[in-house]
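This is upload.cif (mmCIF, C-alpha atoms and all ligand atoms).
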```cif
data_input
#
loop_
_atom_site.label_atom_id
_atom_site.label_comp_id
_atom_site.auth_asym_id
_atom_site.auth_seq_id
_atom_site.Cartn_x
_atom_site.Cartn_y
_atom_site.Cartn_z
CA MET A 1 9.35 19.92 -7.55
CA ASN A 2 10.03 21.74 -4.32
CA TYR A 3 9.99 20.24 -0.86
CA TYR A 4 9.25 21.74 2.54
CA SER A 5 10.50 20.74 5.94
CA LEU A 6 7.92 19.21 8.24
CA HIS A 7 9.34 21.35 11.03
CA HIS A 8 8.35 24.37 8.89
CA THR A 9 11.25 26.65 9.83
CA SER A 10 13.73 25.90 7.04
CA PRO A 11 13.19 27.33 3.56
CA ASN A 12 11.62 25.14 0.88
CA THR A 13 14.11 23.52 -1.44
CA THR A 14 14.57 21.63 -4.69
CA PHE A 15 14.60 17.86 -5.22
CA LYS A 16 18.35 18.03 -5.70
CA ASN A 17 18.93 19.82 -2.40
CA ALA A 18 16.52 17.54 -0.55
CA VAL A 19 18.49 14.54 -1.81
CA VAL A 20 21.92 16.01 -1.21
CA GLN A 21 21.03 17.32 2.27
CA GLY A 22 18.83 14.42 3.42
CA LEU A 23 17.38 16.37 6.32
CA ALA A 24 16.44 20.06 6.50
CA LYS A 25 18.52 22.41 8.65
CA ASP A 26 15.67 22.62 11.19
CA ARG A 27 15.93 18.82 11.56
CA GLY A 28 12.61 18.33 9.77
CA ILE A 29 12.17 15.72 7.07
CA TYR A 30 11.20 16.89 3.62
CA PHE A 31 7.77 16.60 2.04
CA PRO A 32 6.70 17.43 -1.55
CA GLU A 33 4.95 20.79 -1.94
CA ASN A 34 2.35 19.40 -4.35
CA THR A 35 1.09 16.06 -5.52
CA THR A 36 -0.86 15.89 -8.74
CA PRO A 37 -2.90 12.71 -9.27
CA LEU A 38 -2.06 10.71 -12.38
CA SER A 39 -4.69 10.62 -15.11
CA LYS A 40 -7.68 8.33 -14.57
CA ASP A 41 -6.98 6.92 -18.00
CA PHE A 42 -3.47 5.85 -16.99
CA ILE A 43 -4.71 4.16 -13.80
CA GLU A 44 -7.59 2.48 -15.64
CA ASN A 45 -5.28 1.14 -18.36
CA ILE A 46 -2.30 0.36 -16.15
CA THR A 47 -1.97 -3.17 -17.49
CA ASP A 48 -0.95 -1.68 -20.86
CA TYR A 49 2.23 -0.26 -19.30
CA SER A 50 5.53 -1.88 -18.37
CA ASN A 51 6.84 -1.63 -14.81
CA HIS A 52 9.45 0.84 -16.01
CA GLU A 53 6.82 3.07 -17.60
CA ILE A 54 4.67 2.89 -14.47
CA ALA A 55 7.60 3.78 -12.21
CA PHE A 56 8.47 6.74 -14.46
CA GLU A 57 4.90 8.06 -14.38
CA ALA A 58 4.77 7.66 -10.59
CA ILE A 59 8.04 9.42 -9.80
CA LYS A 60 8.53 12.04 -12.53
CA GLN A 61 6.61 14.91 -10.88
CA PHE A 62 8.68 14.50 -7.70
CA VAL A 63 11.92 14.89 -9.64
CA GLY A 64 10.63 17.57 -12.00
CA ASP A 65 13.13 18.83 -14.55
CA GLU A 66 16.09 18.37 -12.22
CA ILE A 67 17.01 15.08 -13.88
CA PRO A 68 16.32 14.86 -17.64
CA ALA A 69 13.60 12.35 -18.56
CA LYS A 70 16.06 10.18 -20.49
CA LYS A 71 18.38 9.93 -17.51
CA LEU A 72 15.50 9.32 -15.08
CA LYS A 73 14.30 6.46 -17.29
CA ALA A 74 17.80 4.97 -17.23
CA ILE A 75 17.91 5.26 -13.43
CA ILE A 76 14.57 3.47 -13.22
CA ALA A 77 15.70 0.74 -15.60
CA ALA A 78 18.75 0.07 -13.43
CA THR A 79 16.65 0.20 -10.26
CA VAL A 80 13.57 -1.83 -11.17
CA SER A 81 15.63 -4.72 -12.46
CA PHE A 82 14.04 -7.74 -10.79
CA ASP A 83 10.60 -9.26 -10.20
CA PHE A 84 7.96 -8.34 -7.61
CA PRO A 85 5.78 -11.46 -7.74
CA LEU A 86 2.39 -11.78 -6.07
CA ILE A 87 1.94 -15.21 -4.55
CA LYS A 88 -1.60 -16.37 -3.84
CA ILE A 89 -1.90 -17.49 -0.22
CA ASP A 90 -5.62 -18.15 -0.04
CA ASP A 91 -8.82 -17.08 -1.81
CA ASN A 92 -8.59 -13.43 -0.83
CA ILE A 93 -4.97 -12.92 0.26
CA ALA A 94 -1.67 -12.67 -1.62
CA SER A 95 1.91 -12.05 -0.60
CA LEU A 96 3.72 -9.34 -2.54
CA GLU A 97 7.32 -10.52 -2.55
CA LEU A 98 9.72 -7.61 -2.48
CA PHE A 99 12.89 -9.56 -1.85
CA HIS A 100 14.15 -10.62 -5.24
CA GLY A 101 16.79 -7.91 -5.47
CA PRO A 102 20.50 -7.97 -4.69
CA THR A 103 20.24 -7.82 -0.88
CA MET A 104 16.92 -9.64 -0.60
CA ALA A 105 14.84 -7.01 1.17
CA PHE A 106 12.53 -4.29 -0.12
CA LYS A 107 15.16 -1.60 0.43
CA ASP A 108 17.06 -2.39 -2.77
CA VAL A 109 14.84 -0.25 -5.00
CA GLY A 110 15.08 2.91 -2.89
CA ALA A 111 18.78 2.45 -2.15
CA LYS A 112 19.71 2.03 -5.80
CA PHE A 113 17.47 4.87 -6.93
CA MET A 114 18.95 7.25 -4.37
CA ALA A 115 22.53 6.18 -5.13
CA GLN A 116 22.03 6.99 -8.80
CA CYS A 117 20.32 10.33 -8.16
CA LEU A 118 23.19 11.33 -5.90
CA GLU A 119 25.71 10.21 -8.48
CA TYR A 120 23.94 12.32 -11.09
CA PHE A 121 23.83 15.41 -8.89
CA ASN A 122 27.47 14.96 -7.90
CA LYS A 123 28.72 13.93 -11.31
CA ASP A 124 31.68 16.28 -11.34
CA HIS A 125 32.73 14.82 -7.95
CA LYS A 126 33.52 18.35 -6.79
CA GLU A 127 32.61 17.50 -3.24
CA GLU A 128 33.07 14.35 -1.24
CA ILE A 129 29.72 13.29 0.28
CA THR A 130 29.30 11.22 3.43
CA VAL A 131 26.12 9.16 3.45
CA LEU A 132 25.01 8.38 6.99
CA VAL A 133 22.58 5.58 7.54
CA ALA A 134 21.00 4.02 10.63
CA THR A 135 19.81 0.47 10.27
CA SER A 136 17.84 -2.08 12.21
CA GLY A 137 18.97 -4.67 9.69
CA ASP A 138 18.04 -4.30 6.04
CA THR A 139 18.64 -0.69 5.06
CA GLY A 140 22.34 -1.04 5.90
CA GLY A 141 22.95 -3.94 3.51
CA ALA A 142 20.91 -2.38 0.70
CA VAL A 143 22.66 0.98 1.00
CA ALA A 144 26.09 -0.67 1.22
CA ASN A 145 25.37 -2.61 -1.95
CA GLY A 146 23.72 0.33 -3.75
CA PHE A 147 26.59 2.75 -3.05
CA LEU A 148 29.52 0.33 -3.23
CA GLY A 149 32.34 1.91 -5.19
CA ALA A 150 30.41 5.15 -5.87
CA LYS A 151 32.96 7.87 -6.64
CA GLY A 152 33.13 10.73 -4.16
CA VAL A 153 30.78 9.00 -1.71
CA ASN A 154 31.64 7.48 1.66
CA VAL A 155 28.96 5.48 3.41
CA VAL A 156 28.82 5.20 7.20
CA ILE A 157 26.36 2.63 8.55
CA LEU A 158 25.31 2.65 12.20
CA TYR A 159 23.74 -0.55 13.47
CA PRO A 160 22.72 -1.76 16.94
CA SER A 161 25.18 -4.34 18.23
CA GLY A 162 23.70 -7.83 18.63
CA LYS A 163 20.32 -6.71 17.30
CA VAL A 164 20.55 -7.56 13.62
CA SER A 165 20.55 -11.06 12.14
CA ASP A 166 23.81 -12.79 11.18
CA VAL A 167 23.08 -12.48 7.46
CA GLN A 168 22.18 -8.80 7.80
CA GLU A 169 25.37 -8.13 9.75
CA LYS A 170 27.50 -9.80 7.09
CA GLN A 171 25.80 -7.75 4.37
CA LEU A 172 26.63 -4.47 6.01
CA THR A 173 30.06 -5.16 7.50
CA THR A 174 31.96 -7.08 4.85
CA LEU A 175 32.00 -5.02 1.67
CA GLY A 176 34.90 -2.68 2.49
CA GLN A 177 35.89 0.00 -0.08
CA ASN A 178 33.84 3.14 0.60
CA ILE A 179 31.59 1.46 3.19
CA THR A 180 32.27 1.64 6.95
CA ALA A 181 30.13 -0.01 9.61
CA LEU A 182 29.87 1.42 13.12
CA GLU A 183 28.58 -1.08 15.67
CA VAL A 184 26.59 0.88 18.24
CA ASP A 185 26.11 -0.16 21.82
CA GLY A 186 22.40 0.70 21.80
CA VAL A 187 19.16 0.20 19.89
CA PHE A 188 18.11 1.34 16.41
CA ASP A 189 16.58 4.55 17.75
CA ASP A 190 19.96 5.51 19.23
CA CYS A 191 21.54 5.05 15.79
CA GLN A 192 18.81 7.12 14.11
CA GLU A 193 19.11 9.84 16.74
CA MET A 194 22.90 10.02 16.31
CA VAL A 195 22.51 10.43 12.55
CA LYS A 196 20.04 13.29 13.02
CA THR A 197 22.30 14.94 15.62
CA ALA A 198 25.29 14.82 13.27
CA PHE A 199 23.36 16.88 10.72
CA LEU A 200 23.10 19.78 13.15
CA ASP A 201 26.60 19.59 14.55
CA THR A 202 28.46 22.62 13.23
CA ASP A 203 31.84 21.09 14.13
CA ILE A 204 31.30 18.53 11.40
CA THR A 205 32.25 20.20 8.17
CA LYS A 206 31.91 17.13 5.98
CA LYS A 207 29.00 17.25 3.57
CA LEU A 208 26.47 14.83 5.01
CA THR A 209 23.34 13.23 3.66
CA SER A 210 21.13 10.37 4.82
CA ALA A 211 20.19 7.18 2.99
CA ASN A 212 17.36 6.30 5.34
CA SER A 213 13.80 6.81 4.16
CA ILE A 214 14.00 10.34 5.56
CA ASN A 215 15.74 11.04 2.24
CA VAL A 216 13.05 11.62 -0.38
CA ALA A 217 15.00 9.70 -3.03
CA ARG A 218 15.09 6.63 -0.76
CA TRP A 219 11.47 6.98 0.30
CA LEU A 220 9.45 7.84 -2.82
CA PRO A 221 10.48 4.93 -5.11
CA GLN A 222 8.84 2.61 -2.60
CA MET A 223 5.54 3.78 -4.16
CA PHE A 224 6.30 1.56 -7.13
CA TYR A 225 5.43 -1.65 -5.26
CA PHE A 226 1.83 -0.59 -4.77
CA PHE A 227 1.45 0.27 -8.45
CA PHE A 228 2.92 -3.09 -9.50
CA ALA A 229 0.56 -4.97 -7.17
CA TYR A 230 -2.42 -2.98 -8.41
CA LYS A 231 -1.47 -3.78 -12.01
CA ALA A 232 -1.19 -7.50 -11.20
CA LEU A 233 -4.57 -7.53 -9.43
CA LYS A 234 -6.47 -5.20 -11.76
CA LYS A 235 -8.64 -7.93 -13.18
CA ILE A 236 -9.93 -9.31 -9.87
CA ASN A 237 -12.27 -6.35 -9.46
CA LYS A 238 -12.10 -6.13 -5.69
CA GLU A 239 -11.17 -3.34 -3.32
CA LEU A 240 -7.50 -3.60 -2.33
CA VAL A 241 -6.31 -3.62 1.27
CA PHE A 242 -2.55 -3.50 1.88
CA SER A 243 -0.98 -4.71 5.10
CA VAL A 244 2.55 -3.40 5.46
CA PRO A 245 4.93 -4.69 8.14
CA SER A 246 6.07 -1.39 9.58
CA GLY A 247 9.03 -0.08 11.56
CA ASN A 248 10.16 3.34 10.40
CA PHE A 249 6.87 3.65 8.42
CA GLY A 250 8.53 4.72 5.17
CA ASN A 251 7.10 1.90 3.09
CA ILE A 252 3.48 2.34 4.15
CA CYS A 253 3.82 6.09 3.78
CA ALA A 254 4.98 5.55 0.19
CA GLY A 255 1.85 3.42 -0.32
CA ILE A 256 -0.32 6.28 0.90
CA MET A 257 1.46 8.58 -1.56
CA ALA A 258 0.56 6.07 -4.31
CA LYS A 259 -3.07 6.39 -3.25
CA LYS A 260 -2.70 10.17 -3.39
CA LEU A 261 -1.51 9.75 -6.97
CA GLY A 262 -4.86 8.11 -7.72
CA LEU A 263 -4.33 4.42 -7.06
CA PRO A 264 -7.64 3.06 -5.79
CA ILE A 265 -6.60 1.51 -2.49
CA GLN A 266 -9.34 0.94 0.05
CA HIS A 267 -7.33 0.63 3.24
CA PHE A 268 -3.82 0.45 4.70
CA ILE A 269 -2.80 -1.60 7.71
CA ALA A 270 0.47 -0.84 9.45
CA ALA A 271 1.31 -4.13 11.14
CA THR A 272 3.95 -3.82 13.86
CA ASN A 273 5.66 -6.02 16.40
CA ILE A 274 5.50 -5.00 20.07
CA ASN A 275 7.07 -1.67 19.17
CA ASP A 276 3.60 -0.21 19.26
CA THR A 277 3.94 3.59 19.26
CA VAL A 278 1.63 4.00 16.25
CA PRO A 279 -1.02 1.38 17.16
CA ASN A 280 -1.29 3.08 20.57
CA TYR A 281 -1.59 6.50 18.99
CA LEU A 282 -4.56 5.30 16.94
CA ILE A 283 -6.23 4.11 20.14
CA ASP A 284 -5.70 7.11 22.42
CA GLY A 285 -4.45 9.91 20.17
CA ILE A 286 -1.26 10.24 22.22
CA TYR A 287 1.99 9.95 20.30
CA ASN A 288 4.40 8.58 22.84
CA PRO A 289 7.59 7.19 21.29
CA LYS A 290 9.42 4.68 23.46
CA PRO A 291 12.85 3.05 23.22
CA SER A 292 12.65 0.11 20.87
CA LYS A 293 12.29 -3.41 22.20
CA THR A 294 14.04 -6.43 20.74
CA THR A 295 11.89 -8.91 18.79
CA ILE A 296 12.27 -11.70 16.24
CA SER A 297 11.18 -9.23 13.53
CA ASN A 298 14.24 -7.13 14.32
CA ALA A 299 14.11 -4.87 11.25
CA MET A 300 10.91 -3.37 12.72
CA ASP A 301 12.36 -2.72 16.17
CA VAL A 302 11.75 1.00 15.94
CA GLY A 303 10.31 3.01 18.84
CA ASN A 304 10.14 6.43 17.18
CA PRO A 305 9.30 5.98 13.49
CA SER A 306 10.71 8.83 11.39
CA ASN A 307 7.98 8.75 8.77
CA PHE A 308 4.90 8.94 10.92
CA ILE A 309 5.05 12.72 10.68
CA ARG A 310 4.72 12.37 6.90
CA ILE A 311 1.67 10.14 7.34
CA ARG A 312 0.05 12.68 9.63
CA GLU A 313 0.77 15.39 7.06
CA LEU A 314 -0.93 13.32 4.37
CA PHE A 315 -4.10 13.31 6.50
CA ASN A 316 -3.87 17.00 7.50
CA ASN A 317 -2.92 15.96 11.04
CA ASP A 318 -6.52 14.82 11.50
CA LEU A 319 -6.67 11.57 13.46
CA GLU A 320 -10.27 10.76 12.49
CA LEU A 321 -9.48 11.28 8.80
CA LEU A 322 -6.44 9.02 9.18
CA LYS A 323 -8.47 6.27 10.80
CA ASN A 324 -10.84 6.09 7.81
CA THR A 325 -8.02 4.80 5.61
CA PHE A 326 -5.40 3.53 8.03
CA SER A 327 -5.33 0.99 10.85
CA SER A 328 -2.40 -0.24 12.88
CA TYR A 329 -2.08 -3.36 15.01
CA SER A 330 0.74 -4.74 17.11
CA PHE A 331 1.69 -8.43 17.46
CA SER A 332 3.91 -10.39 19.82
CA ASP A 333 6.70 -12.80 18.91
CA ILE A 334 4.51 -15.72 19.99
CA GLU A 335 1.75 -14.62 17.62
CA THR A 336 4.34 -14.16 14.88
CA ARG A 337 5.73 -17.68 15.23
CA THR A 338 2.26 -19.22 15.47
CA THR A 339 1.28 -17.45 12.28
CA MET A 340 4.44 -18.52 10.45
CA LYS A 341 3.40 -22.09 11.32
CA ASP A 342 -0.26 -21.58 10.35
CA ILE A 343 0.70 -20.17 6.97
CA TYR A 344 3.21 -22.95 6.39
CA TYR A 345 0.97 -25.87 7.44
CA ASN A 346 -2.09 -24.50 5.60
CA THR A 347 -0.44 -23.39 2.38
CA GLY A 348 3.20 -24.54 2.27
CA TYR A 349 4.36 -20.91 2.08
CA VAL A 350 7.42 -19.95 4.10
CA ALA A 351 6.87 -16.47 5.55
CA GLU A 352 9.64 -14.83 7.55
CA PRO A 353 8.64 -12.92 10.72
CA HIS A 354 8.01 -9.51 9.08
CA GLY A 355 5.78 -10.98 6.37
CA ALA A 356 3.94 -13.06 8.96
CA ILE A 357 3.14 -9.87 10.87
CA GLY A 358 1.81 -8.37 7.62
CA TYR A 359 -0.44 -11.41 7.20
CA LEU A 360 -1.60 -11.09 10.82
CA GLY A 361 -2.54 -7.47 10.10
CA LEU A 362 -4.98 -8.63 7.40
CA LYS A 363 -6.47 -11.27 9.68
CA LYS A 364 -7.03 -8.79 12.49
CA TYR A 365 -8.53 -6.20 10.14
CA GLY A 366 -11.03 -8.79 8.83
CA LEU A 367 -11.40 -8.54 5.06
CA LYS A 368 -14.92 -8.00 3.77
CA GLU A 369 -16.49 -9.95 0.92
CA ASN A 370 -15.61 -7.29 -1.66
CA GLU A 371 -12.00 -6.83 -0.45
CA TYR A 372 -8.73 -8.48 -1.41
CA GLY A 373 -5.76 -8.34 0.94
CA VAL A 374 -2.10 -8.02 0.02
CA PHE A 375 0.60 -8.32 2.65
CA LEU A 376 4.10 -7.19 1.79
CA GLU A 377 6.73 -9.90 2.22
CA THR A 378 9.56 -7.48 2.81
CA ALA A 379 12.54 -9.84 3.08
CA HIS A 380 13.66 -13.32 2.09
CA PRO A 381 13.43 -15.96 4.87
CA VAL A 382 17.19 -16.52 4.59
CA LYS A 383 17.76 -13.13 6.22
CA PHE A 384 16.20 -14.50 9.41
CA LEU A 385 17.58 -18.01 9.05
CA ASP A 386 17.71 -18.91 12.75
CA VAL A 387 14.17 -17.79 13.51
CA VAL A 388 12.71 -19.40 10.39
CA GLU A 389 14.52 -22.74 10.80
CA GLU A 390 13.72 -23.02 14.50
CA THR A 391 10.03 -22.22 13.87
CA LEU A 392 9.35 -24.25 10.72
CA PRO A 393 10.48 -27.71 9.62
CA VAL A 394 12.43 -26.30 6.67
CA GLN A 395 15.99 -25.88 5.61
CA ILE A 396 16.44 -22.69 3.65
CA GLU A 397 18.72 -22.85 0.66
CA ILE A 398 21.26 -20.04 0.73
CA PRO A 399 20.75 -17.91 -2.40
CA GLU A 400 23.74 -16.77 -4.43
CA GLN A 401 23.42 -13.15 -3.21
CA ILE A 402 23.91 -14.30 0.37
CA GLN A 403 26.58 -16.92 -0.36
CA LYS A 404 28.74 -14.08 -1.65
CA VAL A 405 28.96 -12.44 1.78
CA ILE A 406 28.18 -15.09 4.37
CA ASN A 407 31.75 -16.32 4.85
CA ASN A 408 33.41 -12.93 4.65
CA LYS A 409 35.02 -11.37 7.68
CA LYS A 410 33.02 -8.80 9.61
CA VAL A 411 34.77 -5.44 9.96
CA ALA A 412 33.03 -2.92 12.25
CA ILE A 413 34.14 -0.13 14.55
CA PRO A 414 32.46 -0.26 17.96
CA ILE A 415 31.06 3.03 19.29
CA SER A 416 28.99 3.66 22.38
CA ASN A 417 27.55 7.16 21.94
CA TYR A 418 27.35 10.25 19.72
CA GLU A 419 30.91 11.26 20.60
CA GLY A 420 32.08 8.02 18.97
CA LEU A 421 30.32 8.94 15.72
CA LYS A 422 31.56 12.52 15.90
CA SER A 423 35.18 11.59 16.40
CA PHE A 424 34.92 9.13 13.50
CA LEU A 425 33.47 11.85 11.26
CA LEU A 426 36.07 14.40 12.32
CA LYS A 427 38.96 12.13 11.36
C1 LIG B 1 12.18 -6.83 6.41
C2 LIG B 1 11.59 -5.53 6.82
N1 LIG B 1 10.27 -5.43 6.98
C3 LIG B 1 9.69 -4.28 7.35
C4 LIG B 1 10.45 -3.17 7.62
C5 LIG B 1 9.74 -1.91 8.02
O1 LIG B 1 9.69 -1.00 6.96
P1 LIG B 1 9.50 0.54 7.24
O2 LIG B 1 10.69 0.99 8.04
O3 LIG B 1 9.45 1.17 5.90
O4 LIG B 1 8.26 0.68 8.02
C6 LIG B 1 11.82 -3.21 7.47
C7 LIG B 1 12.70 -2.05 7.71
O5 LIG B 1 12.53 -1.01 7.28
C8 LIG B 1 12.41 -4.41 7.02
O6 LIG B 1 13.72 -4.49 6.83
N1 LIG B 2 13.95 -1.32 9.11
C1 LIG B 2 14.94 -0.42 8.67
C2 LIG B 2 15.03 0.77 9.57
C3 LIG B 2 15.37 1.99 8.79
O1 LIG B 2 14.35 2.24 7.87
P1 LIG B 2 14.49 3.26 6.67
O2 LIG B 2 13.53 2.77 5.63
O3 LIG B 2 14.14 4.59 7.19
O4 LIG B 2 15.89 3.22 6.18
C4 LIG B 2 16.25 -1.18 8.46
O5 LIG B 2 16.17 -2.30 8.02
O6 LIG B 2 17.32 -0.68 8.69
#
```
Please lay out the structure from this file as structure tokens.
Ligand SMILES: Cc1ncc(COP(=O)(O)O)c(C=O)c1O
Ligand SMILES: N[C@@H](CCOP(=O)(O)O)C(=O)O
Amino acid sequence: MNYYSLHHTSPNTTFKNAVVQGLAKDRGIYFPENTTPLSKDFIENITDYSNHEIAFEAIKQFVGDEIPAKKLKAIIAATVSFDFPLIKIDDNIASLELFHGPTMAFKDVGAKFMAQCLEYFNKDHKEEITVLVATSGDTGGAVANGFLGAKGVNVVILYPSGKVSDVQEKQLTTLGQNITALEVDGVFDDCQEMVKTAFLDTDITKKLTSANSINVARWLPQMFYFFFAYKALKKINKELVFSVPSGNFGNICAGIMAKKLGLPIQHFIAATNINDTVPNYLIDGIYNPKPSKTTISNAMDVGNPSNFIRIRELFNNDLELLKNTFSSYSFSDIETRTTMKDIYYNTGYVAEPHGAIGYLGLKKYGLKENEYGVFLETAHPVKFLDVVEETLPVQIEIPEQIQKVINNKKVAIPISNYEGLKSFLLK
């Protein structure tokens, strides 16, 4: 499969190059040249297939023959190695829990998948690769864990100082080995901007790639979740509506790709916190990215979502076409906390702030009689321990994955601007 840059001035390239480069030379993110829907028969009989088989069918055309089928299956087996349960919340709503992996957020699948693709493409370790990643909280930990100890790979994580939760900070600053954390005096968008700037800086001769969802190998495996949910809900015979708590918009964009592959999904809701660039765009057609604002759903504190350009591409840059399938609503911290309480007191379910915003998205959309809503619970409540325990009368047990890092010493290098990143990379 070949990929083109969404800035349209770099040449098209292979899956391998798209993964190894991360971003095109013209600073555009890559998009697959073609998408062929899966057979109707496969979709209709999806319950006959294992999650590994489904993931293979979903991803294989995007990899093409650049990774042999046997190897791709092994990568999937190592990636899709935990559960993705659907928890019934009420008669027509379920929570799709994506946090049962090693770092307890939905990023684990993409991070592991990308790490293994890169390892395959760089198997002779001819070149040392530096993986740059900007995080508002969860990507950093997942990428650190996914790439820990990978030969010939150094990971550099940029995160906004004071704007990630304590657990998230421990996950991305304590592993050592080939992982370095840079603590940025700024917001997530500053980190993301610095990463993109580094790609174009000709003084930096290190081979760079990105492990954010701008990298196709990080982004595309997120399609799997929508297939797994569809499989689990096949028998209910209702139209599916997904509400995805959104920040950089990679996850929801992967869902729309799943629909493009033939998954019958009625509607997508991108639920955001007060970082409302996309909800505003749907109202007035003006795309006006703003610096991100701090909220209790910090992993979605993104003012200029990298993937929205992919979503526009999927709808031929036609706003009216987009609106037929896609809505986006923004919610405040007060609404988020109230909803966490409502869900808890009505059902006993502990939703963390991002999941609660997903649930709010479904409520605002207003499900019809023939529709069933799924909100993505994108992280475990323990990752937002302070917010959850001060909002709900619960004490969250610390899972083993988190116990491993929580008492370790944070090691991070403070930087205040792009020059700080550059001088680190030039060392
Ligand atoms: C817990 C959580 N929820 C939601 C999001 C938003 O996902 P996306 O950036 O794919 O829109 C993130 C970060 O990406 C996250 O960490
Ligand atoms: N919310 C993310 C922000 C980066 O998103 P990505 O999917 O593009 O890596 C985070 O947790 O870091």
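For the residues A:His380, A:Lys260, A:Arg27, A:Lys409, ranking by smallest atom-to-atom distance to ligand LIG 1 (chain B) using only C-alpha atoms and all ligand atoms places A:His380 first.
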Contacts of stretch 144-153 of chain A within 10 Å, only C-alpha atoms, excl. fewer than 3 positions in-chain, as JSON, numbers by chain: {"A": [79, 102, 103, 107, 108, 109, 110, 111, 112, 113, 114, 115, 116, 118, 119, 122, 123, 124, 125, 126, 127, 128, 129, 130, 131, 133, 139, 140, 141, 156, 157, 171, 172, 173, 174, 175, 176, 177, 178, 179, 180, 181, 207, 208, 211]}
Rounded to one decimal place, report the atom CA of A:Ala24-atom CA of A:Ser10 distance in Å. 6.5 Å
Each residue of chain A with at least one atom at most 10 Å from ligand LIG 1 (chain B) should appear once, together with its nearest atom pair and the corresponding distance in Å (one decimal); atoms considered: only C-alpha atoms and all ligand atoms; ordering: chain, then increasing residue number; output as a Markdown table.
```
| residue | atom | partner | partner_atom | distance |
| --- | --- | --- | --- | --- |
| A:Leu98 | CA | B:LIG1 | C1 | 9.3 |
| A:Phe99 | CA | B:LIG1 | C1 | 8.7 |
| A:Met104 | CA | B:LIG1 | C1 | 8.9 |
| A:Ala105 | CA | B:LIG1 | C1 | 5.9 |
| A:Phe106 | CA | B:LIG1 | C1 | 7.0 |
| A:Lys107 | CA | B:LIG1 | O6 | 7.2 |
| A:Thr135 | CA | B:LIG1 | C7 | 8.0 |
| A:Ser136 | CA | B:LIG1 | C7 | 6.8 |
| A:Gly137 | CA | B:LIG1 | O6 | 6.0 |
| A:Asp138 | CA | B:LIG1 | O6 | 4.4 |
| A:Thr139 | CA | B:LIG1 | O6 | 6.5 |
| A:Gly140 | CA | B:LIG1 | O6 | 9.3 |
| A:Gly141 | CA | B:LIG1 | O6 | 9.8 |
| A:Ala142 | CA | B:LIG1 | O6 | 9.7 |
| A:Gln168 | CA | B:LIG1 | O6 | 9.5 |
| A:Asn212 | CA | B:LIG1 | O2 | 8.9 |
| A:Ser213 | CA | B:LIG1 | O3 | 7.3 |
| A:Trp219 | CA | B:LIG1 | O3 | 8.3 |
| A:Gln222 | CA | B:LIG1 | O3 | 8.6 |
| A:Val244 | CA | B:LIG1 | C3 | 7.4 |
| A:Pro245 | CA | B:LIG1 | C3 | 4.8 |
| A:Ser246 | CA | B:LIG1 | O4 | 3.4 |
| A:Gly247 | CA | B:LIG1 | O4 | 3.7 |
| A:Asn248 | CA | B:LIG1 | O2 | 3.4 |
| A:Phe249 | CA | B:LIG1 | O4 | 3.3 |
| A:Gly250 | CA | B:LIG1 | O3 | 3.7 |
| A:Asn251 | CA | B:LIG1 | O3 | 3.7 |
| A:Ile252 | CA | B:LIG1 | O3 | 6.3 |
| A:Cys253 | CA | B:LIG1 | O3 | 7.8 |
| A:Ala254 | CA | B:LIG1 | O3 | 8.5 |
| A:Ala270 | CA | B:LIG1 | O4 | 8.1 |
| A:Ala271 | CA | B:LIG1 | O4 | 9.0 |
| A:Thr272 | CA | B:LIG1 | C5 | 8.4 |
| A:Ser297 | CA | B:LIG1 | C1 | 7.6 |
| A:Asn298 | CA | B:LIG1 | O6 | 8.0 |
| A:Ala299 | CA | B:LIG1 | O6 | 4.5 |
| A:Met300 | CA | B:LIG1 | C5 | 5.1 |
| A:Asp301 | CA | B:LIG1 | C7 | 8.5 |
| A:Val302 | CA | B:LIG1 | O2 | 8.0 |
| A:Pro305 | CA | B:LIG1 | O2 | 7.5 |
| A:Ser306 | CA | B:LIG1 | O2 | 8.5 |
| A:Asn307 | CA | B:LIG1 | O4 | 8.1 |
| A:Phe308 | CA | B:LIG1 | O4 | 9.4 |
| A:Glu352 | CA | B:LIG1 | C1 | 8.5 |
| A:Pro353 | CA | B:LIG1 | C1 | 8.3 |
| A:His354 | CA | B:LIG1 | N1 | 5.1 |
| A:Gly355 | CA | B:LIG1 | N1 | 7.2 |
| A:Ile357 | CA | B:LIG1 | N1 | 9.3 |
| A:Gly358 | CA | B:LIG1 | C3 | 8.9 |
| A:Leu376 | CA | B:LIG1 | N1 | 8.3 |
| A:Glu377 | CA | B:LIG1 | N1 | 7.4 |
| A:Thr378 | CA | B:LIG1 | C1 | 4.5 |
| A:Ala379 | CA | B:LIG1 | C1 | 4.5 |
| A:His380 | CA | B:LIG1 | C1 | 7.9 |
| A:Pro381 | CA | B:LIG1 | C1 | 9.3 |
| A:Lys383 | CA | B:LIG1 | C1 | 8.4 |
| A:Phe384 | CA | B:LIG1 | C1 | 9.2 |
```
Mind pulling up the distance from atom CA of A:Val241 to atom CA of A:Pro32?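 These atoms are spaced 24.9 Å apart.
Take the candidates A:His7, A:Arg218, A:Lys163, A:Lys40 and check each one against ligand LIG 2 (chain B) using all atoms listed in the file; the shortest distance goes to A:Arg218.
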I want to know what sits within 12 Å of A:Leu362, based on all atoms listed in the file, with residues of the same chain fewer than 2 positions away left out; could you give that as a PyMOL selection string? chain A and resi 92-95+240-245+267-271+327-330+339+355-360+364-368+371-376
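Distances to ligand LIG 2 (chain B) were evaluated for A:Val411, A:Leu38, A:Ala217, A:Ala58 using only C-alpha atoms and all ligand atoms, and the minimum falls at A:Ala217.
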